[in-house]
6 protein chains.
Amino acid sequence: MSSHLEDVVRRALAEDLGSAGDITTMATVGEDKMARARLVSRAEGTLAGLETVKWVFALLDDEIECGLIVADGDRVGSGAVLAEISGPARGILTGERTALNLLGHLSGIATATADLVGRVEGTGARILDTRKTTPNLRALEKHAVRMGGGVNHRFGLFDAVLVKDNHIAASGGLTAALRGVRDRVGHTVRVEVEVDTLDQLDELLTLDADAVLLDNMDPDTLSRAIKLIDGRLITEASGNITADTVRQISETGVDYISSGWITHSAPALDVTLEIED
Amino acid sequence: MSSHLEDVVRRALAEDLGSAGDITTMATVGEDKMARARLVSRAEGTLAGLETVKWVFALLDDEIECGLIVADGDRVGSGAVLAEISGPARGILTGERTALNLLGHLSGIATATADLVGRVEGTGARILDTRKTTPNLRALEKHAVRMGGGVNHRFGLFDAVLVKDNHIAASGGLTAALRGVRDRVGHTVRVEVEVDTLDQLDELLTLDADAVLLDNMDPDTLSRAIKLIDGRLITEASGNITADTVRQISETGVDYISSGWITHSAPALDVTLEIED
Amino acid sequence: MSSHLEDVVRRALAEDLGSAGDITTMATVGEDKMARARLVSRAEGTLAGLETVKWVFALLDDEIECGLIVADGDRVGSGAVLAEISGPARGILTGERTALNLLGHLSGIATATADLVGRVEGTGARILDTRKTTPNLRALEKHAVRMGGGVNHRFGLFDAVLVKDNHIAASGGLTAALRGVRDRVGHTVRVEVEVDTLDQLDELLTLDADAVLLDNMDPDTLSRAIKLIDGRLITEASGNITADTVRQISETGVDYISSGWITHSAPALDVTLEIED
Amino acid sequence: MSSHLEDVVRRALAEDLGSAGDITTMATVGEDKMARARLVSRAEGTLAGLETVKWVFALLDDEIECGLIVADGDRVGSGAVLAEISGPARGILTGERTALNLLGHLSGIATATADLVGRVEGTGARILDTRKTTPNLRALEKHAVRMGGGVNHRFGLFDAVLVKDNHIAASGGLTAALRGVRDRVGHTVRVEVEVDTLDQLDELLTLDADAVLLDNMDPDTLSRAIKLIDGRLITEASGNITADTVRQISETGVDYISSGWITHSAPALDVTLEIED
Amino acid sequence: MSSHLEDVVRRALAEDLGSAGDITTMATVGEDKMARARLVSRAEGTLAGLETVKWVFALLDDEIECGLIVADGDRVGSGAVLAEISGPARGILTGERTALNLLGHLSGIATATADLVGRVEGTGARILDTRKTTPNLRALEKHAVRMGGGVNHRFGLFDAVLVKDNHIAASGGLTAALRGVRDRVGHTVRVEVEVDTLDQLDELLTLDADAVLLDNMDPDTLSRAIKLIDGRLITEASGNITADTVRQISETGVDYISSGWITHSAPALDVTLEIED
Amino acid sequence: MSSHLEDVVRRALAEDLGSAGDITTMATVGEDKMARARLVSRAEGTLAGLETVKWVFALLDDEIECGLIVADGDRVGSGAVLAEISGPARGILTGERTALNLLGHLSGIATATADLVGRVEGTGARILDTRKTTPNLRALEKHAVRMGGGVNHRFGLFDAVLVKDNHIAASGGLTAALRGVRDRVGHTVRVEVEVDTLDQLDELLTLDADAVLLDNMDPDTLSRAIKLIDGRLITEASGNITADTVRQISETGVDYISSGWITHSAPALDVTLEIED
């Protein structure tokens, strides 16, 4: 994945530097000035994105050393030192914000995921992400979800079939929608179908699918759906999953619970860079 | 900005489509099938990003019509219809998630900004954004801040001078840091300096700067700083600005209050696309 | 997929035009000269890539009309007229070779695929492609395979798990290789494993996989493998599949037969552009 | 050429990795696992593209060593070891297919070229390629032709003038087509003209050209054309050149024989990567 | 060439707009404001680049009409109206500088070329450009040279052979340098060799070359060289060609005279955009 | 800025190499041949762009050593050795022209700037550049201006507000144009306004602006304007600034004098690369 990661970091730096570069640092800090800095967390959380921090500084100046002290997936407390960075001061100062933006954003997602994962512990249910990610950062965000203990749903429209309510509406019903799907896609692709009611589920159980997305069902209905399915399909629950409701849903026996919130609304983890005196 | 916007949308679509495309839609919906859909808000909020929605569908299929009913900057309630979209069903279904991701993300930022703007109403203080934005989406996020009633701080390291604590540390003190800045940068660039204490502020007032960033000061210290400055510098307060504290800070008479939270941690606005029967 | 297709055609034109452009046409044909041409097949075959022909001329000059007479997937004989093209002569002459290169290459793949598909008719076996494609043209080549009646295997390393002999060797055996795979990948991803012997197959049948790639087995061994599996796994045969052997292999009852030859070695279909007098 | 080559390899890897990367290898092989592998030919042939193999592994992991044992242009037998590769197992497994695809494709072209070159040995005729190349791979394919002992025709529409039948038709005849060509193009550019009949050749010999493309002539007509030209023009024969006919054509005394088949239809050379135990 | 041209204009606009766009125009001019403007020359000169002006406005807003009154290659006097532009005022103001930069730069080159062409009139010598062009603008600058009546030398290192003093030095002499050149390059490529003395010329006349670059010779030596060559090679004179010396050089009977000055040092033509009241 | 610089150099090399590469050097110079060369100035001037020279050779072959003897901003005489370059001869010869083109172009700008800077010495006036730069090279050209002792005006339309005559015309007058500008742009952005007459200046002095561009005023009018302003605005003079007029203008007491000529019309500095025997 490193080539994709490098590309994202390059763009992020280009966005911040424009063609004129970091005019403050060039005007205030001498070219030969060296510095040491520590990357520090100011809150408790689960980390993701430390590799992006390395890329930021590597792309700015290959004389900057960036030694990681922790790794993606680690749980740290407030005040934890995450990395030690040393080398030409200009590059360190120029890269600071881009590095913190990436690390804070991705660790925020890992932390939010880890919270949900903790809440369903022991039930066997797994936390899934969705395609509700930040445009142009999906692969990194899905990595962050894994670091928080979650599992990835499909990466895009291209790598799995998920027949949703709008497909069913546009094709004239569930049976019509599923007709021909198996022929059109290869044997490596699983077919998942969204249902909103037990009636739709009944119809689906007569058709050829691998998984079902049980959307917006209350815990009781969900429990009845799981019983009805009886292991014949992989089950996924979605719709307004919150920290308050996720435990109850996980206890229905559902296999996966997907949450858009962990990627589109998780607050950033508070991280900072401290220049040493 | 439209060329930049087009580029962001192109990338977002490419990320979702890969080279294989939307295999679900191609397998379930006929090429000639037409559809009508409504873009609907499921929460109260301030909108930003409607232009990205238009680009999503325009890039997928130029036969899709996307008629906007509201405009960026508008305040809408839950249930409001934002746009009507009609045309080939495949393109509408393929673009749905990318459009919602962009609109939800940007409207979340506009809504968070509008909330802070409302809280400081009448004090004369303006809400500023920061460089704590999502990598590769800064220009769109800054647009969203403006739509929420905020004002943009610099777009990157290239378009203004902001001498921060780390620059001062790396250059050996405030006076050393500012020496030569004016010569290095053109006359169109303002010079702003971060100070953490009143002592630093005293030193700054003897030097050549245009604005001061008063970082992490409690309201009392901030009030004393504003009095000390007495209109000689543009003033900006930053550091842990929250919905709870922003009003008190605005009442100190500070010109600008900057918040990273509105861009890095605002939850997405809940928007959806409803296919009509 | 059209945005990907447009990108491939843009690159192909840029490769042929350089920055100097088509110096022959600019020197010999007047800017206002109009022309009519017919795209003609000079051999029997199955077509793929007609959309690329449209893109070639659309990108060169939007005044060129390109009316398709047949469609991708159609079977045509030698001499068949595939499209009628009319408009400014310069653009038609400049695009001719790029259009023919794309159409000939992709139709060659469709034709080779259709040949194998025809040979296994009635057995229930499906013809699969592989990742043995021409670099930078995979998505178009996989489209060509579908047009020839084949089915697509995974699009890349990213969208399905296929544990091959080298993975097993590098991880210390089949059981070790499979341990943890299910946790690492999402529920939409199928896990396929390559086995070369019946002993390996025995081991695999005790593990958690969805499909098996039976590599380089002679028809007898393959038949025994299929019986052993008894429907518990999706089966795929690979290894030196030729026009001569494919029928015998398909009669073993295997679900899929994959061929690298149809993408890496199929000769181009002979197509030409005839300018009308 | 290395920057172009790097670009082609980057794209090929991106095509195979998507944004999710090699999920099989990440799930089955430990990050610290080291491996040794040998690149082996499974058929007799002439090599081209070994430099692309080095780029594949260099771009994936700069700790992978790739020691070439043979060089582009070398003739090898079945079983020949072409390179030894060692380092982190993940990168080696991830790059395997892309490396083999590039090497097999280009070596297939070199082998096909070498075959034609061998057949015309002693006659003085040289084998030329055409613009009938695989879109986006032309420069590499032309390199492969040179490695097989062939000579390159023009690289694109931009670097030489070749007035073909369609140009002559569109400009109203041979004399009209050639009028002004010399003025429009620089003195470094040669002008070649296609003729199909001896009558056209007679007309051409009265005009200002440097070379003639004698298209689709049978050996007798070709011989008469060569005599008629009598060294005044460089001569090139084209049109349905096959292994069976190329010798007879070369014996007419023609200077160059061009073949589209060697680039658009040559089967890939069978190469493989063997992980050592 | 239009795709290359579009690309250059896109980049130029992106360079000027950044991601924030034209903040002055957005802040001062209403979205619905329409305007009419005239593109005017403020000096006498030969035009090149009018097509870039059309692209600038087309890319910014497709509602802007840009009607050209003159064409590339035309000679105009001071005050001449070159184009009339009308439509949304924002796009016209935003594109003004980029359009003028391109047109002024390219017309400056055309004008400088036309000046040299005029000075050699009647001698039969042609004015050539060189590779001494502005990085990333070569194709447009070579177009400007043609518009000024000049002829293009090679477009790059890729499309012709020019063996210069440094090649001869690095390969151990003229004869050594030329050995094998003909085999390495195709029959469409001309071979030109630089010589600085008549002794080198003597040596060259015994070898296989198509053209000679007579570098830095005074008019007398040049005349003797031309006599010595006696039509056996195409001749090109180069080295400190100025308006003062070019006539004398042209009268030696040399075929081509190449000038770096017309591309690397020609002053821009003064053009302006006048908004009508 | 190095990433931007690398990108410019990459493009410049790609433009010169095409996909076929440097066919002359590949045909005449052995792969193992080593060479030493000296970069030499053939005129007196101020240098800019030495870093681009390093990038050219670094990108072509990382075994080439390029040791700089002087630095950007240095003043050198004719014959001065600027750098010593050694390593594989092929890369040195291939990069020669691109390196010289960049260095000559940028040093030409630095030299022209230094000339103007010298002429205004002692007056306190500073020389500014404009947006009249070569498309796609603005950032490098602005660097060259700094190296010549000049100061940069804004980098583009995005980083400062400059309200020009056309904006005023399009918005219906100066007061209307300025209304709302301060609200629309952030506090880091200065607002500059162009005025052509003293009447306009009177109006401007009643409004909220930071700087004034006094366009095309004769020295007397300019002096009166400066007195009228009396330090309340930063002052910039523009319009037909030449070596002859710049001193007189600088003596009016104006703060800045901007010149388009130094970027759009400065002749290249004559630099060369000498291969050592």
# chains A, B, ... in the order shown; residues from 1 in each chain; ligands from 1
>>> residues_around(residues="Glu84 (chain E)", least_positions_apart="6", cutoff="9 Å", atoms="only C-alpha atoms", output="PyMOL selection string")
chain E and resi 36-39+65-69
>>> write_last_selection(atoms="all heavy atoms", output="JSON list (two decimals), in the first residue's frame")
[["chain", "number", "residue", "atom", "x", "y", "z"],
["E", 36, "ARG", "N", -17.96, 42.71, -21.72],
["E", 36, "ARG", "CA", -17.41, 42.58, -23.06],
["E", 36, "ARG", "C", -16.00, 43.13, -23.02],
["E", 36, "ARG", "O", -15.74, 44.14, -22.37],
["E", 36, "ARG", "CB", -18.22, 43.41, -24.07],
["E", 36, "ARG", "CG", -19.68, 43.05, -24.15],
["E", 36, "ARG", "CD", -20.43, 43.95, -25.15],
["E", 36, "ARG", "NE", -19.86, 43.82, -26.48],
["E", 36, "ARG", "CZ", -20.18, 42.84, -27.34],
["E", 36, "ARG", "NH1", -21.08, 41.94, -27.01],
["E", 36, "ARG", "NH2", -19.61, 42.78, -28.53],
["E", 37, "ALA", "N", -15.09, 42.47, -23.72],
["E", 37, "ALA", "CA", -13.71, 42.95, -23.68],
["E", 37, "ALA", "C", -13.10, 42.77, -25.06],
["E", 37, "ALA", "O", -13.56, 41.97, -25.88],
["E", 37, "ALA", "CB", -12.90, 42.17, -22.65],
["E", 38, "ARG", "N", -12.05, 43.56, -25.33],
["E", 38, "ARG", "CA", -11.32, 43.42, -26.59],
["E", 38, "ARG", "C", -9.87, 43.14, -26.30],
["E", 38, "ARG", "O", -9.25, 43.78, -25.44],
["E", 38, "ARG", "CB", -11.44, 44.71, -27.41],
["E", 38, "ARG", "CG", -12.90, 44.98, -27.83],
["E", 38, "ARG", "CD", -13.00, 46.20, -28.72],
["E", 38, "ARG", "NE", -12.29, 47.32, -28.11],
["E", 38, "ARG", "CZ", -11.96, 48.42, -28.77],
["E", 38, "ARG", "NH1", -12.29, 48.56, -30.05],
["E", 38, "ARG", "NH2", -11.32, 49.39, -28.15],
["E", 39, "LEU", "N", -9.35, 42.17, -26.99],
["E", 39, "LEU", "CA", -7.93, 41.83, -26.89],
["E", 39, "LEU", "C", -7.21, 42.69, -27.91],
["E", 39, "LEU", "O", -7.53, 42.65, -29.11],
["E", 39, "LEU", "CB", -7.78, 40.34, -27.21],
["E", 39, "LEU", "CG", -6.44, 39.68, -27.00],
["E", 39, "LEU", "CD1", -6.08, 39.62, -25.52],
["E", 39, "LEU", "CD2", -6.48, 38.25, -27.55],
["E", 65, "GLU", "N", -17.85, 33.75, -24.76],
["E", 65, "GLU", "CA", -17.60, 33.69, -26.21],
["E", 65, "GLU", "C", -16.27, 34.39, -26.50],
["E", 65, "GLU", "O", -16.04, 35.51, -26.03],
["E", 65, "GLU", "CB", -18.70, 34.45, -26.97],
["E", 65, "GLU", "CG", -20.08, 33.88, -26.84],
["E", 65, "GLU", "CD", -20.25, 32.65, -27.72],
["E", 65, "GLU", "OE1", -19.61, 32.61, -28.81],
["E", 65, "GLU", "OE2", -20.99, 31.73, -27.32],
["E", 66, "CYS", "N", -15.44, 33.75, -27.29],
["E", 66, "CYS", "CA", -14.17, 34.37, -27.65],
["E", 66, "CYS", "C", -14.03, 34.33, -29.17],
["E", 66, "CYS", "O", -13.67, 33.29, -29.74],
["E", 66, "CYS", "CB", -13.03, 33.63, -26.95],
["E", 66, "CYS", "SG", -11.41, 34.27, -27.41],
["E", 67, "GLY", "N", -14.35, 35.42, -29.82],
["E", 67, "GLY", "CA", -14.32, 35.47, -31.29],
["E", 67, "GLY", "C", -13.00, 36.05, -31.78],
["E", 67, "GLY", "O", -12.71, 37.23, -31.55],
["E", 68, "LEU", "N", -12.23, 35.24, -32.48],
["E", 68, "LEU", "CA", -10.94, 35.71, -32.98],
["E", 68, "LEU", "C", -11.15, 36.56, -34.23],
["E", 68, "LEU", "O", -11.93, 36.19, -35.12],
["E", 68, "LEU", "CB", -10.04, 34.53, -33.31],
["E", 68, "LEU", "CG", -9.68, 33.60, -32.15],
["E", 68, "LEU", "CD1", -8.71, 32.53, -32.63],
["E", 68, "LEU", "CD2", -9.07, 34.38, -30.99],
["E", 69, "ILE", "N", -10.44, 37.65, -34.33],
["E", 69, "ILE", "CA", -10.54, 38.53, -35.49],
["E", 69, "ILE", "C", -9.34, 38.33, -36.41],
["E", 69, "ILE", "O", -9.42, 38.51, -37.62],
["E", 69, "ILE", "CB", -10.65, 40.01, -35.01],
["E", 69, "ILE", "CG1", -12.00, 40.19, -34.30],
["E", 69, "ILE", "CG2", -10.48, 40.99, -36.15],
["E", 69, "ILE", "CD1", -12.12, 41.47, -33.54]]
>>> select_by_dssp(residues="region 102-243 of chain F", states="strand (DSSP E)", output="ChimeraX atom specification")
/F:126-128,161-163,191-195,211-215,234-238
>>> residues_around(residues="Arg184 (chain E)", least_positions_apart="6", cutoff="9 Å", atoms="only C-alpha atoms", output="ChimeraX atom specification")
/D:146,151-152 /F:23,26-27
>>> write_last_selection(atoms="N, CA, C and O atoms", output="PDB file, in the first residue's frame")
ATOM      1  N   ARG D 146      14.076  -4.025 -30.866  1.00  0.00           N
ATOM      2  CA  ARG D 146      15.532  -3.864 -31.032  1.00  0.00           C
ATOM      3  C   ARG D 146      16.285  -5.020 -30.398  1.00  0.00           C
ATOM      4  O   ARG D 146      17.269  -5.505 -30.925  1.00  0.00           O
ATOM      5  N   VAL D 151      14.739  -3.249 -36.212  1.00  0.00           N
ATOM      6  CA  VAL D 151      15.004  -1.815 -36.239  1.00  0.00           C
ATOM      7  C   VAL D 151      13.663  -1.106 -36.041  1.00  0.00           C
ATOM      8  O   VAL D 151      12.630  -1.610 -36.475  1.00  0.00           O
ATOM      9  N   ASN D 152      13.715   0.037 -35.381  1.00  0.00           N
ATOM     10  CA  ASN D 152      12.467   0.755 -35.136  1.00  0.00           C
ATOM     11  C   ASN D 152      12.073   1.659 -36.291  1.00  0.00           C
ATOM     12  O   ASN D 152      12.871   2.465 -36.771  1.00  0.00           O
TER      13      ASN D 152
ATOM     14  N   ILE F  23      18.267   9.396 -28.457  1.00  0.00           N
ATOM     15  CA  ILE F  23      18.740   8.375 -29.395  1.00  0.00           C
ATOM     16  C   ILE F  23      20.162   8.655 -29.871  1.00  0.00           C
ATOM     17  O   ILE F  23      20.918   7.734 -30.164  1.00  0.00           O
ATOM     18  N   MET F  26      22.514   7.388 -26.954  1.00  0.00           N
ATOM     19  CA  MET F  26      22.499   5.931 -26.861  1.00  0.00           C
ATOM     20  C   MET F  26      23.249   5.305 -28.031  1.00  0.00           C
ATOM     21  O   MET F  26      23.854   4.247 -27.900  1.00  0.00           O
ATOM     22  N   ALA F  27      23.226   5.976 -29.186  1.00  0.00           N
ATOM     23  CA  ALA F  27      23.868   5.403 -30.367  1.00  0.00           C
ATOM     24  C   ALA F  27      25.355   5.722 -30.450  1.00  0.00           C
ATOM     25  O   ALA F  27      26.090   5.047 -31.170  1.00  0.00           O
TER      26      ALA F  27
END
>>> interface_residues(of="chain A", to="chain B", cutoff="7 Å", atoms="only C-alpha atoms", output="ChimeraX atom specification")
/A:11-12,15-18,20-25,27-29,89,101-102,132-136,156-158,161-163,166-167,170-171,177-178,180-181,184,264-268,275
>>> residues_around(residues="Asp230 (chain F)", least_positions_apart="4", cutoff="12 Å", atoms="only C-alpha atoms", output="list of chain:residue names")
F:Leu205, F:Ser223, F:Arg224, F:Ala225, F:Ile226, F:Ile234, F:Thr235, F:Gly253, F:Val254, F:Asp255
>>> write_last_selection(atoms="C-alpha atoms", output="PDB file, in the first residue's frame")
ATOM      1  CA  LEU F 205      -8.134  57.275   0.752  1.00  0.00           C
ATOM      2  CA  SER F 223       5.306  62.444  -6.407  1.00  0.00           C
ATOM      3  CA  ARG F 224       2.069  64.259  -5.745  1.00  0.00           C
ATOM      4  CA  ALA F 225       0.316  60.972  -5.093  1.00  0.00           C
ATOM      5  CA  ILE F 226       2.957  59.876  -2.594  1.00  0.00           C
ATOM      6  CA  ILE F 234       1.843  51.052   1.089  1.00  0.00           C
ATOM      7  CA  THR F 235       2.675  52.422  -2.363  1.00  0.00           C
ATOM      8  CA  GLY F 253       9.615  58.048  -2.444  1.00  0.00           C
ATOM      9  CA  VAL F 254       7.430  55.182  -3.643  1.00  0.00           C
ATOM     10  CA  ASP F 255       7.801  51.993  -1.587  1.00  0.00           C
TER      11      ASP F 255
END
>>> select_by_dssp(residues="region 84-265 of chain D", states="alpha helix (DSSP H)", output="VMD selection string")
chain D and resid 89 to 119 138 to 147 165 to 171 174 to 178 181 to 184 198 to 205 219 to 229 246 to 250 261 to 264
>>> residues_around(residues="Gly49 (chain D)", least_positions_apart="6", cutoff="8 Å", atoms="only C-alpha atoms", output="compact mmCIF listing (two decimals) with N, CA and C atoms, in the first residue's frame")
# COMPACT_ATOMS: atom_id res chain seq x y z
N ASP D 72 18.92 -8.13 -21.50
CA ASP D 72 18.02 -7.98 -22.65
C ASP D 72 18.78 -8.25 -23.94
N LEU D 102 5.11 -8.20 -17.53
CA LEU D 102 5.92 -7.30 -18.35
C LEU D 102 7.01 -8.08 -19.09
N LEU D 103 7.71 -8.93 -18.36
CA LEU D 103 8.81 -9.68 -18.98
C LEU D 103 8.29 -10.64 -20.05
N LEU D 106 7.07 -8.57 -23.23
CA LEU D 106 8.15 -7.97 -24.02
C LEU D 106 9.07 -9.03 -24.61
N SER D 107 9.33 -10.09 -23.88
CA SER D 107 10.17 -11.15 -24.42
C SER D 107 9.46 -11.90 -25.54
N LEU D 140 8.29 0.58 -24.81
CA LEU D 140 8.86 -0.68 -24.33
C LEU D 140 8.82 -1.74 -25.42
N ALA D 144 11.84 -3.84 -27.21
CA ALA D 144 11.86 -5.30 -27.37
C ALA D 144 12.19 -5.69 -28.81
>>> atom_distance(atom1="CA of Thr252 (chain B)", atom2="CA of Gly186 (chain F)")
20.3 Å
>>> atom_distance(atom1="CA of Glu63 (chain E)", atom2="CA of His4 (chain B)")
18.7 Å
>>> atom_distance(atom1="CA of Ala83 (chain E)", atom2="CA of Asp196 (chain F)")
25.1 Å
>>> residues_around(residues="Ser258 (chain D)", least_positions_apart="4", cutoff="7 Å", atoms="only C-alpha atoms", output="list of chain:residue names")
D:Ile127, D:Leu128, D:Asp129, D:Thr130, D:Glu236, D:Ala237, D:Ser238
>>> decode(residues="region 120-169 of chain E", atoms="C-alpha atoms", output="PDB file, in the first residue's frame")
ATOM      1  CA  VAL E 120      17.347  36.540 -45.084  1.00  0.00           C
ATOM      2  CA  GLU E 121      14.634  36.990 -47.705  1.00  0.00           C
ATOM      3  CA  GLY E 122      15.674  36.044 -51.209  1.00  0.00           C
ATOM      4  CA  THR E 123      18.723  34.022 -50.214  1.00  0.00           C
ATOM      5  CA  GLY E 124      16.994  30.661 -49.980  1.00  0.00           C
ATOM      6  CA  ALA E 125      18.195  30.181 -46.396  1.00  0.00           C
ATOM      7  CA  ARG E 126      15.571  29.097 -43.862  1.00  0.00           C
ATOM      8  CA  ILE E 127      15.459  30.094 -40.180  1.00  0.00           C
ATOM      9  CA  LEU E 128      15.436  27.134 -37.771  1.00  0.00           C
ATOM     10  CA  ASP E 129      14.701  26.963 -34.066  1.00  0.00           C
ATOM     11  CA  THR E 130      16.701  24.883 -31.544  1.00  0.00           C
ATOM     12  CA  ARG E 131      16.087  22.954 -28.332  1.00  0.00           C
ATOM     13  CA  LYS E 132      16.934  26.150 -26.408  1.00  0.00           C
ATOM     14  CA  THR E 133      13.289  26.622 -25.483  1.00  0.00           C
ATOM     15  CA  THR E 134      11.492  27.438 -22.270  1.00  0.00           C
ATOM     16  CA  PRO E 135      11.056  24.246 -20.255  1.00  0.00           C
ATOM     17  CA  ASN E 136       7.549  22.771 -20.588  1.00  0.00           C
ATOM     18  CA  LEU E 137       6.534  25.076 -23.442  1.00  0.00           C
ATOM     19  CA  ARG E 138       8.550  23.660 -26.328  1.00  0.00           C
ATOM     20  CA  ALA E 139       5.723  22.507 -28.565  1.00  0.00           C
ATOM     21  CA  LEU E 140       3.936  25.845 -28.320  1.00  0.00           C
ATOM     22  CA  GLU E 141       7.147  27.761 -28.917  1.00  0.00           C
ATOM     23  CA  LYS E 142       7.937  25.671 -31.992  1.00  0.00           C
ATOM     24  CA  HIS E 143       4.466  26.435 -33.273  1.00  0.00           C
ATOM     25  CA  ALA E 144       5.231  30.150 -32.746  1.00  0.00           C
ATOM     26  CA  VAL E 145       8.431  29.772 -34.775  1.00  0.00           C
ATOM     27  CA  ARG E 146       6.427  28.296 -37.660  1.00  0.00           C
ATOM     28  CA  MET E 147       3.955  31.157 -37.412  1.00  0.00           C
ATOM     29  CA  GLY E 148       6.874  33.576 -37.749  1.00  0.00           C
ATOM     30  CA  GLY E 149       7.950  31.832 -40.956  1.00  0.00           C
ATOM     31  CA  GLY E 150      10.629  29.644 -39.443  1.00  0.00           C
ATOM     32  CA  VAL E 151      11.090  25.902 -39.705  1.00  0.00           C
ATOM     33  CA  ASN E 152      11.320  23.503 -36.810  1.00  0.00           C
ATOM     34  CA  HIS E 153      14.441  21.587 -35.968  1.00  0.00           C
ATOM     35  CA  ARG E 154      13.882  18.389 -33.970  1.00  0.00           C
ATOM     36  CA  PHE E 155      11.325  18.454 -31.132  1.00  0.00           C
ATOM     37  CA  GLY E 156      13.564  16.676 -28.669  1.00  0.00           C
ATOM     38  CA  LEU E 157      16.307  14.179 -28.160  1.00  0.00           C
ATOM     39  CA  PHE E 158      13.950  11.484 -29.360  1.00  0.00           C
ATOM     40  CA  ASP E 159      13.125  12.362 -32.952  1.00  0.00           C
ATOM     41  CA  ALA E 160      16.411  12.980 -34.730  1.00  0.00           C
ATOM     42  CA  VAL E 161      20.115  12.311 -34.354  1.00  0.00           C
ATOM     43  CA  LEU E 162      22.365  15.323 -33.872  1.00  0.00           C
ATOM     44  CA  VAL E 163      25.903  14.309 -32.989  1.00  0.00           C
ATOM     45  CA  LYS E 164      27.463  17.279 -31.194  1.00  0.00           C
ATOM     46  CA  ASP E 165      30.962  18.091 -30.032  1.00  0.00           C
ATOM     47  CA  ASN E 166      30.337  16.580 -26.610  1.00  0.00           C
ATOM     48  CA  HIS E 167      29.214  13.280 -28.143  1.00  0.00           C
ATOM     49  CA  ILE E 168      32.288  13.206 -30.320  1.00  0.00           C
ATOM     50  CA  ALA E 169      34.501  13.955 -27.323  1.00  0.00           C
TER      51      ALA E 169
END
